[in-house]
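Visitor: Pasting in a structure now, in structure tokens, and then I'll have a few things to ask.
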Amino acid sequence: MSTIERKTLPAACYIDPAWFAAEMEQIFARMWIAAGRVDDIAARGFLRRDVANASVLLVRDGDAVRAFHNVCRHRGTRLCDSETGALSGSIQCPYHGWTYGLDGRLIGAPQMDDVAGFAKDDYPLRGVQSAVWDGHVFINLDDHPPALEAQLGELPGAFRPWRMNELRRVHRLDYTVQANWKLIVQNYNECLHCPIIHPLLNRMHHYLGASNVPSTGNYCGGAMGFKDGVETLSVDGRRRRAPLPGLGEAERQLVNYFAVYPNLLLTLHPDYMLTITIWPETPDRTQLVSTWHFHPDEIARPGFVWEDAVEFWDVTNREDWAISERSHRGIASRGYTPGPYSNRETQLWEFDRFILSRVSETKKATETQSMW
Amino acid sequence: MSTIERKTLPAACYIDPAWFAAEMEQIFARMWIAAGRVDDIAARGFLRRDVANASVLLVRDGDAVRAFHNVCRHRGTRLCDSETGALSGSIQCPYHGWTYGLDGRLIGAPQMDDVAGFAKDDYPLRGVQSAVWDGHVFINLDDHPPALEAQLGELPGAFRPWRMNELRRVHRLDYTVQANWKLIVQNYNECLHCPIIHPLLNRMHHYLGASNVPSTGNYCGGAMGFKDGVETLSVDGRRRRAPLPGLGEAERQLVNYFAVYPNLLLTLHPDYMLTITIWPETPDRTQLVSTWHFHPDEIARPGFVWEDAVEFWDVTNREDWAISERSHRGIASRGYTPGPYSNRETQLWEFDRFILSRVSETKKATETQSMW
Amino acid sequence: MSTIERKTLPAACYIDPAWFAAEMEQIFARMWIAAGRVDDIAARGFLRRDVANASVLLVRDGDAVRAFHNVCRHRGTRLCDSETGALSGSIQCPYHGWTYGLDGRLIGAPQMDDVAGFAKDDYPLRGVQSAVWDGHVFINLDDHPPALEAQLGELPGAFRPWRMNELRRVHRLDYTVQANWKLIVQNYNECLHCPIIHPLLNRMHHYLGASNVPSTGNYCGGAMGFKDGVETLSVDGRRRRAPLPGLGEAERQLVNYFAVYPNLLLTLHPDYMLTITIWPETPDRTQLVSTWHFHPDEIARPGFVWEDAVEFWDVTNREDWAISERSHRGIASRGYTPGPYSNRETQLWEFDRFILSRVSETKKATETQSMW
């Protein structure tokens with residue numbers, strides 16, 4: 001029989017609700033989660049993000065970004081129901097009018113004064129940790145997480161030339177994918193499928209041409225150069241915008257692909273940034289938010305176009321989502337057994353180790369391990 | 001930390017399927033359930049009501065109301081599929097023709113005569129207890145329940161002046177609410193939310209003006225007077241019908257709001273009766289049947305109108321259902337923790353005690369208690 | 001109390017997910033399952049069938065029919081997504097291009113050569129057993145099943161005159177039924193309901209006129225003769241096609257109804273064959289594939305018609321599906337208790353014994369038995 005060492009995960013890791021619940025607890029409720037961009041939070045508004053059965057409200061309190069559980073401390077009402085909206089200096093519950101400052105303090109609680117033992121100070125909004133890296137907002141449901149920097153490792157240094165904090169969002173597309181969230185990450189982390197799945201992308205890169213950095217327990221990725229005559233990833237390979245101002249000659253010749261675990265796919269081109277954030281809903285359904293960011297100087301330039309970059313990735317990503325869904329169906333069926341990874345899929349095997357190690361950290365994980 | 005004594009229930013009571021199942025067994029399958037009005041059962045027809053996974057058939061057998069499980073004793077076929085319908089003196093199964101009298105006796109069973117040991121007397125429809133209070137029909141899935149009167153306590157005496165048995169249904173509206181059934185009851189039992197949620201209702205009552213009777217383990221409620229110039233609850237506060245004939249001057253100046261546990265919200269106005277019956281389907285979905293009843297003398301009067309009363313409550317109740325759904329979403333999320341009740345929400349805390357005491361009556365409840 | 005011996009099954013057998021899972025394991029994953037007809041597999045194509053959480057690919061390899069799990073051995077991708085399609089001499093995975101011969105051998109695996117320990121011979125498609133009876137293709141998910149002939153018993157001999165292998169499919173109708181799959185089989189196995197449910201069918205047969213063979217553990221069935229003037233089952237009882245060439249005078253006067261456990265309902269008329277295959281999806285949802293087959297000589301004849309046979313059964317079967325759904329709803333409700341079978345329902349009781357005996361064969365069954 002086969003003596004292959006590196007094989008795909010058992011089916012339970014993709015379909016078992018208990019395993020999924022353990023991933024949500026051990027990974028999504030304990031690691032830093034990419035929530036969006038600072039600019040997504042209006043100066044006098046909020047951004048709502050739902051993850052690991054939490055609904056999180058992001059607001060700006062002066063220069064600071066703050067995050068809270070989106071739940072009134074009175075009777076548990078969801079405070080903000082839409083994804084974004086305006087706030088007039090405070091957050092008021094629509095049911096009985098409990099009112100919170102943008103720092104989360106309870107500042108109004110009608111008819112509570114005569115309740116013995118009640119003090120407003122005891123009922124602030126429950127806080128959620130938040131931090132910002134070059135314009136990317138991260139949240140952490142753990143009350144005492146390690147610093148975001150510990151999770152990001154060398155990425156902030158490596159990507160400084162792209163000056164991501166300067167970039168501004170121009171377009172957004174959302175997708176619902178009927179596949180386990182890990183299949184999205186795995187699909188992103190190899191280009192062995194590019195010749196078959198992606199006729200357009202395959203005209204831009206050589207599919208075996210990735211130069212990957214060593215994976216860590218928190219991210220993996222690498223860069224791919226262009227084929228001759230290609231300037232960026234657009235419908236025809238032409239670059240219609242100036243390179244990002246901080247990039248050197250070498251950095252203008254490649255695309256960086258990094259999966260920042262667990263939920264950010266960060267793709268840096270010579271002239272724009274694509275981010276995809278991953279929002280698992282069930283073992284077999286995942287929401288994706290895809291956004292394109294450009295430099296403000298280019299955005300301001302007459303004749304600025306962005307559609308070529310969006311169309312390129314919309315076409316390419318739909319190909320990815322379709323094959324990921326098909327992969328999910330196969331893995332979920334009786335005939336699946338773990339199969340061997342090629343040496344072009346090392347990052348996937350390393351991502352799997354990350355998953356296994358995180359999930360098995362606690363007793364909860366121990367229980368679910370018996371399943372496979 | 002807070003020393004508050006009266007807090008909302010743990011999230012499990014609203015979202016856990018096992019807790020919901022225990023409520024169905026301990027409350028909905030053991031207490032008297034408001035099924036509708038005697039008039040809802042046509043003289044030669046049936047009324048179907050589904051509760052606690054039972055389908056119940058209500059029929060009139062002469063002057064008596066009778067209730068049965070809506071299941072053929074032969075192969076288990078559902079006898080009546082629509083909510084109401086006609087019967088021609090008996091109930092016949094549409095599959096193989098087993099036929100039952102309106103008293104439930106099996107009177108026809110084709111091809112069974114030659115089955116050894118078979119006797120028609122052994123296979124009547126399984127009975128369900130039923131009883132009537134002033135035109136309200138109640139059913140009880142327990143074969144040996146206490147009398148309906150024991151559950152109703154002082155209500156029949158207190159509401160005698162409204163002569164509810166004389167009233168006739170004029171309109172009905174059904175609603176599906178994506179919230180736990182208890183949130184509907186709790187919403188009904190306080191008006192602290194009225195200034196924020198109900199601009200129309202708040203013009204009619206002073207929201208702190210309720211005069212409640214002491215709660216029992218079976219119901220709670222009280223009366224609210226009108227603001228100056230208001231005569232009843234209608235779109236403009238005008239009363240377009242004569243007061244109900246049995247009411248004294250004082251009773252014409254208020255609205256009675258009673259939650260008859262577990263599933264009847266009974267609202268008595270000077271000139272009409274609103275009933276809402278509550279039909280839990282899942283922990284997070286509840287069906288509501290809302291009906292408006294008027295005095296026959298008024299109904300017969302030329303120019304009789306009822307739309308002002310229906311519109312008033314349709315608007316107001318939709319506001320209630322929306323905030324209940326939002327409350328459910330908050331309670332179901334990771335950020336929820338029980339919060340403090342004000343002294344204007346005492347009836348809610350008492351309702352919660354009713355729930356806890358009923359559910360913990362049996363071993364099944366003991367098991368689920370470990371969840372919170 | 002009743003001393004009836006033969007009663008219907010407990011509700012759990014129809015609604016409990018654990019019982020359903022046991023049936024899938026003990027019955028659908030271990031017995032021969034009717035998958036379709038040899039002709040359903042194009043000479044250079046595939047037929048996909050999903051059963052018991054397996055997706056099975058049927059192909060023709062020269063004269064042989066072969067069956068495989070529809071899952072790539074690399075990363076588990078579903079190989080063929082549609083129900084039927086073309087193949088160009090091999091089966092290629094759409095994700096990374098692993099390629100299999102029609103005998104299942106792995107013949108291409110890009111970028112795997114440098115993986116230590118990898119050998120193509122170790123990763124053929126996982127095989128599924130298949131066999132053919134007179135044009136009917138059967139599959140078996142058990143790797144070492146008894147021969148198909150053992151399951152079919154005397155059926156091949158009994159039905160030889162119908163020369164089923166010569167018949168060709170002319171029409172197909174699919175149905176989704178919201179009922180447990182066993183209720184479909186039980187409905188098929190008795191005509192006691194015919195006078196009430198089937199006005200059309202009841203004009204063709206006398207409903208008590210079945211002559212059944214002794215049931216085995218693998219099938220049950222029998223023949224019914226026609227009422228005077230009826231020649232076949234069509235909208236008006238007229239036979240518009242010549243009798244099947246192998247039939248004697250007696251066989252031209254009746255219809256054979258056989259339930260070949262677990263999923264084939266085979267109905268043989270003087271001039272055509274109707275097959276219904278049963279595909280359980282959940283305890284309360286079943287997919288049905290209904291196909292009509294005629295003799296090629298008739299199909300080739302000018303003026304050949306088939307619509308009269310299709311319409312007859314489409315009308316009749318919709319009546320069956322509707323009452324089966326209603327039966328399911330009754331059995332699933334609180335009021336159901338097992339009821340007595342008549343002596344006209346002996347085959348149903350025998351089918352129930354088959355179910356109980358299969359499900360209780362293993363430990364898994366032992367666990368679920370405690371449920372009823």
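Please note that chains go A, B, ... in the order of the structure tokens, that every chain numbers its residues from 1, and that ligands are numbered from 1 in the order shown.
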Can you check which residues of region 161-217 of chain B DSSP gives as strand (DSSP E or B) on the backbone and send them as a short mmCIF file (atom, residue, chain, number, x, y, z; two decimals) with all heavy atoms, in the first residue's frame?

Guide:
```cif
data_model
loop_
_atom_site.label_atom_id
_atom_site.label_comp_id
_atom_site.auth_asym_id
_atom_site.auth_seq_id
_atom_site.Cartn_x
_atom_site.Cartn_y
_atom_site.Cartn_z
N ARG B 168 -68.83 37.97 18.17
CA ARG B 168 -68.65 37.20 16.93
C ARG B 168 -67.42 37.70 16.17
O ARG B 168 -67.19 38.91 16.10
CB ARG B 168 -69.89 37.32 16.03
CG ARG B 168 -71.12 36.63 16.59
CD ARG B 168 -70.94 35.10 16.68
NE ARG B 168 -72.01 34.44 17.39
CZ ARG B 168 -71.97 34.14 18.71
NH1 ARG B 168 -70.92 34.44 19.43
NH2 ARG B 168 -72.99 33.51 19.28
N ARG B 169 -66.72 36.77 15.56
CA ARG B 169 -65.50 37.13 14.85
C ARG B 169 -65.81 37.86 13.55
O ARG B 169 -66.67 37.42 12.78
CB ARG B 169 -64.69 35.88 14.51
CG ARG B 169 -63.32 36.23 13.98
CD ARG B 169 -62.54 34.98 13.67
NE ARG B 169 -62.95 34.42 12.39
CZ ARG B 169 -62.55 33.24 11.94
NH1 ARG B 169 -61.76 32.49 12.68
NH2 ARG B 169 -62.96 32.80 10.76
N VAL B 170 -65.10 38.95 13.31
CA VAL B 170 -65.30 39.73 12.09
C VAL B 170 -64.05 39.67 11.20
O VAL B 170 -64.15 39.70 9.97
CB VAL B 170 -65.66 41.19 12.45
CG1 VAL B 170 -65.59 42.08 11.23
CG2 VAL B 170 -67.04 41.24 13.09
N HIS B 171 -62.88 39.59 11.78
CA HIS B 171 -61.67 39.60 10.96
C HIS B 171 -60.59 38.74 11.60
O HIS B 171 -60.56 38.54 12.81
CB HIS B 171 -61.17 41.02 10.75
CG HIS B 171 -60.26 41.16 9.57
ND1 HIS B 171 -60.70 40.97 8.28
CD2 HIS B 171 -58.93 41.44 9.47
CE1 HIS B 171 -59.68 41.15 7.43
NE2 HIS B 171 -58.61 41.43 8.14
N ARG B 172 -59.67 38.28 10.74
CA ARG B 172 -58.55 37.46 11.20
C ARG B 172 -57.30 37.81 10.42
O ARG B 172 -57.35 37.99 9.20
CB ARG B 172 -58.87 35.97 11.00
CG ARG B 172 -57.66 35.07 11.13
CD ARG B 172 -58.05 33.60 10.99
NE ARG B 172 -56.86 32.75 10.85
CZ ARG B 172 -56.87 31.44 10.92
NH1 ARG B 172 -58.00 30.78 11.15
NH2 ARG B 172 -55.76 30.74 10.77
N LEU B 173 -56.17 37.90 11.11
CA LEU B 173 -54.88 38.07 10.44
C LEU B 173 -53.90 37.06 11.04
O LEU B 173 -53.86 36.86 12.26
CB LEU B 173 -54.33 39.49 10.64
CG LEU B 173 -55.06 40.61 9.91
CD1 LEU B 173 -54.47 41.96 10.29
CD2 LEU B 173 -54.99 40.42 8.39
N ASP B 174 -53.11 36.43 10.18
CA ASP B 174 -52.09 35.48 10.64
C ASP B 174 -50.71 36.07 10.44
O ASP B 174 -50.46 36.79 9.46
CB ASP B 174 -52.18 34.17 9.83
CG ASP B 174 -53.44 33.38 10.17
OD1 ASP B 174 -54.29 33.90 10.92
OD2 ASP B 174 -53.56 32.25 9.68
N TYR B 175 -49.81 35.74 11.34
CA TYR B 175 -48.43 36.23 11.24
C TYR B 175 -47.46 35.09 11.53
O TYR B 175 -47.74 34.24 12.38
CB TYR B 175 -48.19 37.33 12.28
CG TYR B 175 -49.14 38.50 12.24
CD1 TYR B 175 -50.28 38.52 13.03
CD2 TYR B 175 -48.88 39.60 11.42
CE1 TYR B 175 -51.16 39.60 13.01
CE2 TYR B 175 -49.76 40.69 11.40
CZ TYR B 175 -50.89 40.68 12.19
OH TYR B 175 -51.75 41.75 12.17
N THR B 176 -46.34 35.08 10.84
CA THR B 176 -45.23 34.20 11.17
C THR B 176 -44.12 35.07 11.74
O THR B 176 -43.69 36.02 11.07
CB THR B 176 -44.71 33.45 9.93
OG1 THR B 176 -45.78 32.69 9.38
CG2 THR B 176 -43.55 32.53 10.28
N VAL B 177 -43.68 34.78 12.94
CA VAL B 177 -42.67 35.60 13.59
C VAL B 177 -41.42 34.74 13.83
O VAL B 177 -41.51 33.65 14.36
CB VAL B 177 -43.19 36.17 14.92
CG1 VAL B 177 -42.15 37.08 15.56
CG2 VAL B 177 -44.49 36.93 14.69
N ALA B 210 -50.33 51.24 33.54
CA ALA B 210 -51.00 49.95 33.73
C ALA B 210 -51.28 49.68 35.20
O ALA B 210 -50.49 50.03 36.07
CB ALA B 210 -50.15 48.83 33.16
N SER B 211 -52.43 49.07 35.45
CA SER B 211 -52.77 48.64 36.80
C SER B 211 -52.92 47.13 36.77
O SER B 211 -53.93 46.61 36.29
CB SER B 211 -54.08 49.32 37.22
OG SER B 211 -54.61 48.69 38.36
N ASN B 212 -51.88 46.43 37.21
CA ASN B 212 -51.86 44.98 37.03
C ASN B 212 -52.42 44.25 38.24
O ASN B 212 -52.26 44.68 39.37
CB ASN B 212 -50.43 44.50 36.79
CG ASN B 212 -49.90 44.99 35.44
OD1 ASN B 212 -50.68 45.19 34.52
ND2 ASN B 212 -48.60 45.20 35.35
#
```

Visitor: I want to know what sits within 6 Å of region 25-39 of chain A, based on only C-alpha atoms, with residues of the same chain fewer than 6 positions away left out; could you give that as a ChimeraX atom specification?

Guide: /A:135-142,264,359

Visitor: Chain A near chain B within 8 Å: what's each residue's closest atom pair and its distance in Å to one decimal, counting only C-alpha atoms, ordered by chain then ascending residue number, as a Markdown table?

Guide:
```
| residue | atom | partner | partner_atom | distance |
| --- | --- | --- | --- | --- |
| A:Ala52 | CA | B:Arg334 | CA | 7.8 |
| A:Asn53 | CA | B:Ser333 | CA | 5.4 |
| A:Ala54 | CA | B:Arg334 | CA | 4.6 |
| A:Ser55 | CA | B:Ser333 | CA | 6.5 |
| A:His69 | CA | B:Gly335 | CA | 5.2 |
| A:Asn70 | CA | B:Gly335 | CA | 7.1 |
| A:Val71 | CA | B:Gly330 | CA | 5.4 |
| A:Cys72 | CA | B:Gly330 | CA | 7.7 |
| A:Arg73 | CA | B:Gly339 | CA | 5.4 |
| A:His74 | CA | B:Gly339 | CA | 4.7 |
| A:Arg75 | CA | B:Gly339 | CA | 5.6 |
| A:Gly76 | CA | B:Ile331 | CA | 5.0 |
| A:Thr77 | CA | B:Ser327 | CA | 3.8 |
| A:Arg78 | CA | B:Gly330 | CA | 4.2 |
| A:Leu79 | CA | B:Gly330 | CA | 7.8 |
| A:Asp81 | CA | B:Arg326 | CA | 7.6 |
| A:Pro94 | CA | B:Ile196 | CA | 6.9 |
| A:Tyr95 | CA | B:His193 | CA | 5.7 |
| A:His96 | CA | B:His193 | CA | 4.8 |
| A:Gly97 | CA | B:Ile196 | CA | 7.1 |
| A:Gln111 | CA | B:Ser342 | CA | 6.3 |
| A:Met112 | CA | B:Ser342 | CA | 5.3 |
| A:Asp114 | CA | B:Asn343 | CA | 7.4 |
| A:Val115 | CA | B:Ser342 | CA | 6.2 |
| A:Ala116 | CA | B:Ile4 | CA | 6.8 |
| A:Gly117 | CA | B:Thr3 | CA | 5.2 |
| A:Phe118 | CA | B:Ile4 | CA | 6.2 |
| A:Ala119 | CA | B:Ser2 | CA | 7.4 |
| A:Asp122 | CA | B:Ser2 | CA | 6.2 |
| A:Arg126 | CA | B:Gly335 | CA | 7.0 |
```

Visitor: Can you check which residues of region 79-170 of chain B DSSP gives as alpha helix (DSSP H) on the backbone and send them as a list in words?

Guide: Leu148, Glu149, Ala150, Gln151, Leu152, Leu155, Pro156, Gly157 and Ala158 of chain B

Visitor: To one decimal in Å, tell me the separation between CA of Gln178 (chain C) and CA of Ser357 (chain C).

Guide: 25.4 Å

Visitor: Skip Glu249 (chain B) itself and residues of its chain fewer than 6 positions away, then list as a PDB file with C-alpha atoms, in the first residue's frame all residues within 12 Å of it, counting only C-alpha atoms.

Guide:
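Contents of the output file selection.pdb:
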```pdb
ATOM      1  CA  PRO B 161     -69.260  41.893  32.091  1.00  0.00           C
ATOM      2  CA  GLU B 231     -62.468  56.288  23.533  1.00  0.00           C
ATOM      3  CA  PRO B 243     -69.788  49.972  24.203  1.00  0.00           C
ATOM      4  CA  PRO B 270     -64.783  48.920  25.446  1.00  0.00           C
TER       5      PRO B 270
END
```

Visitor: Mind giving me the straight-line distance from CA of Glu350 (chain A) to CA of Asp113 (chain C) in Å, one decimal?

Guide: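 A separation of 20.5 Å between them.
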
Visitor: Would you pick out the contacts of Trp279 (chain A) at 9 Å or less, using only C-alpha atoms, so that residues sharing its chain but fewer than 3 positions from it are not included, and give the list as a VMD selection string?

Guide: chain A and resid 50 to 52 181 263 285 to 289

Visitor: Which is closest to His293 (chain C) among C:Thr275, C:Tyr188, C:Ala43, C:Asp308, if we use only C-alpha atoms?

Guide: C:Thr275

Visitor: Might you pull out every residue within 12 Å of region 201-207 of chain B, with only C-alpha atoms counted and same-chain residues fewer than 6 positions away left off, and present them as a tab-separated table (two decimals) with C-alpha atoms, in the first residue's frame?

Guide:
```
chain	number	residue	atom	x	y	z
A	96	HIS	CA	-36.46	50.26	25.52
A	111	GLN	CA	-36.85	53.24	34.56
B	189	ASN	CA	-46.62	42.08	29.17
B	190	GLU	CA	-44.88	45.44	29.37
B	191	CYS	CA	-45.44	48.87	27.90
B	192	LEU	CA	-42.03	50.26	28.74
B	193	HIS	CA	-41.26	49.92	25.04
B	194	CYS	CA	-44.37	51.77	23.92
B	195	PRO	CA	-42.90	55.27	23.64
B	223	ALA	CA	-55.83	47.28	32.69
B	224	MET	CA	-54.70	50.55	31.11
B	225	GLY	CA	-56.79	53.70	30.97
B	226	PHE	CA	-57.00	56.07	28.02
B	227	LYS	CA	-55.39	59.43	27.56
B	228	ASP	CA	-57.81	62.34	27.42
B	229	GLY	CA	-60.14	62.24	24.46
B	230	VAL	CA	-59.45	58.61	23.58
B	231	GLU	CA	-62.47	56.29	23.53
B	232	THR	CA	-61.02	53.01	22.32
B	233	LEU	CA	-58.02	51.62	20.47
B	234	SER	CA	-58.59	52.57	16.84
B	235	VAL	CA	-56.58	54.47	14.28
B	236	ASP	CA	-57.66	57.80	15.76
B	237	GLY	CA	-58.88	56.84	19.23
B	238	ARG	CA	-62.51	57.33	18.24
B	253	GLN	CA	-62.62	53.72	30.13
B	254	LEU	CA	-59.93	51.08	29.84
B	255	VAL	CA	-58.42	48.16	27.97
B	256	ASN	CA	-57.69	44.86	29.69
B	309	ALA	CA	-59.68	48.52	15.08
B	311	GLU	CA	-55.63	48.60	11.30
B	312	PHE	CA	-54.70	49.93	14.72
B	313	TRP	CA	-53.57	46.54	15.95
B	314	ASP	CA	-52.08	45.35	12.69
B	315	VAL	CA	-49.76	48.37	12.71
B	316	THR	CA	-49.00	48.04	16.41
B	317	ASN	CA	-48.49	44.29	16.37
B	319	GLU	CA	-44.03	46.76	15.42
B	320	ASP	CA	-44.07	44.21	18.22
B	344	ARG	CA	-41.91	47.87	35.14
```

Visitor: Using CA of Tyr123 (chain C) and CA of Leu102 (chain C) as the two end points, give the distance in Å to one decimal.

Guide: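 Calculated distance between CA of Tyr123 (chain C) and CA of Leu102 (chain C) is 14.0 Å.
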
Visitor: So, counting only C-alpha atoms, which residue among B:Gln347, B:Arg240, B:Thr277, B:Trp321 is closest to Arg301 (chain B)?

Guide: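 Ranking B:Gln347, B:Arg240, B:Thr277, B:Trp321 by distance to Arg301 (chain B), first place goes to B:Arg240.
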
Visitor: So that I can see what lies close to Leu244 (chain A), please list as a list of chain:residue names the residues with an atom at most 8 Å from it, counting only C-alpha atoms and leaving out residues fewer than 6 positions away in the same chain.

Guide: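 Residues meeting the cut-off are A:Trp162, A:Pro270, A:Asp271, A:Tyr272, A:His295.
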
Visitor: Would you save the residues of that selection, restricted to N, CA, C and O atoms, as a CSV table (one decimal), in the first residue's frame?

Guide:
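As a result, again25.csv now contains:
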```csv
chain,number,residue,atom,x,y,z
A,162,TRP,N,3.9,48.6,-0.2
A,162,TRP,CA,2.7,48.7,-0.9
A,162,TRP,C,1.8,49.8,-0.3
A,162,TRP,O,0.8,50.2,-0.8
A,270,PRO,N,0.8,45.1,-8.8
A,270,PRO,CA,1.6,46.3,-9.0
A,270,PRO,C,0.8,47.6,-8.8
A,270,PRO,O,1.3,48.6,-8.3
A,271,ASP,N,-0.5,47.5,-9.1
A,271,ASP,CA,-1.3,48.8,-9.1
A,271,ASP,C,-2.6,48.7,-8.3
A,271,ASP,O,-3.3,49.7,-8.3
A,272,TYR,N,-2.8,47.6,-7.7
A,272,TYR,CA,-4.0,47.5,-6.8
A,272,TYR,C,-4.0,46.4,-5.8
A,272,TYR,O,-3.1,45.5,-5.9
A,295,HIS,N,-4.9,53.4,-5.5
A,295,HIS,CA,-4.3,54.5,-4.9
A,295,HIS,C,-5.1,55.8,-5.2
A,295,HIS,O,-5.6,55.9,-6.3
```

Visitor: Can you list, as a CSV table (one decimal) with C-alpha atoms, in the first residue's frame, every protein, DNA or RNA residue that comes within 12 Å of Ala42 (chain C) when you count only C-alpha atoms, leaving out same-chain residues fewer than 4 positions away?

Guide:
```
chain,number,residue,atom,x,y,z
C,37,ARG,CA,-31.3,0.5,-17.5
C,38,VAL,CA,-28.2,-0.4,-19.5
C,46,PHE,CA,-21.7,8.0,-18.0
C,47,LEU,CA,-24.8,7.7,-15.7
C,48,ARG,CA,-24.6,9.2,-12.2
C,58,LEU,CA,-21.8,4.0,-14.2
C,59,VAL,CA,-19.8,3.7,-17.4
C,60,ARG,CA,-19.5,1.2,-20.3
C,61,ASP,CA,-16.1,-0.3,-20.7
C,62,GLY,CA,-16.6,-2.1,-24.0
C,63,ASP,CA,-19.5,-4.5,-23.4
C,65,VAL,CA,-20.9,-2.0,-17.3
C,83,GLU,CA,-26.7,13.0,-14.2
C,84,THR,CA,-25.5,11.9,-17.6
C,85,GLY,CA,-22.8,13.1,-20.0
C,86,ALA,CA,-20.2,12.2,-22.5
C,87,LEU,CA,-16.7,10.7,-21.9
C,88,SER,CA,-13.9,10.6,-24.4
```
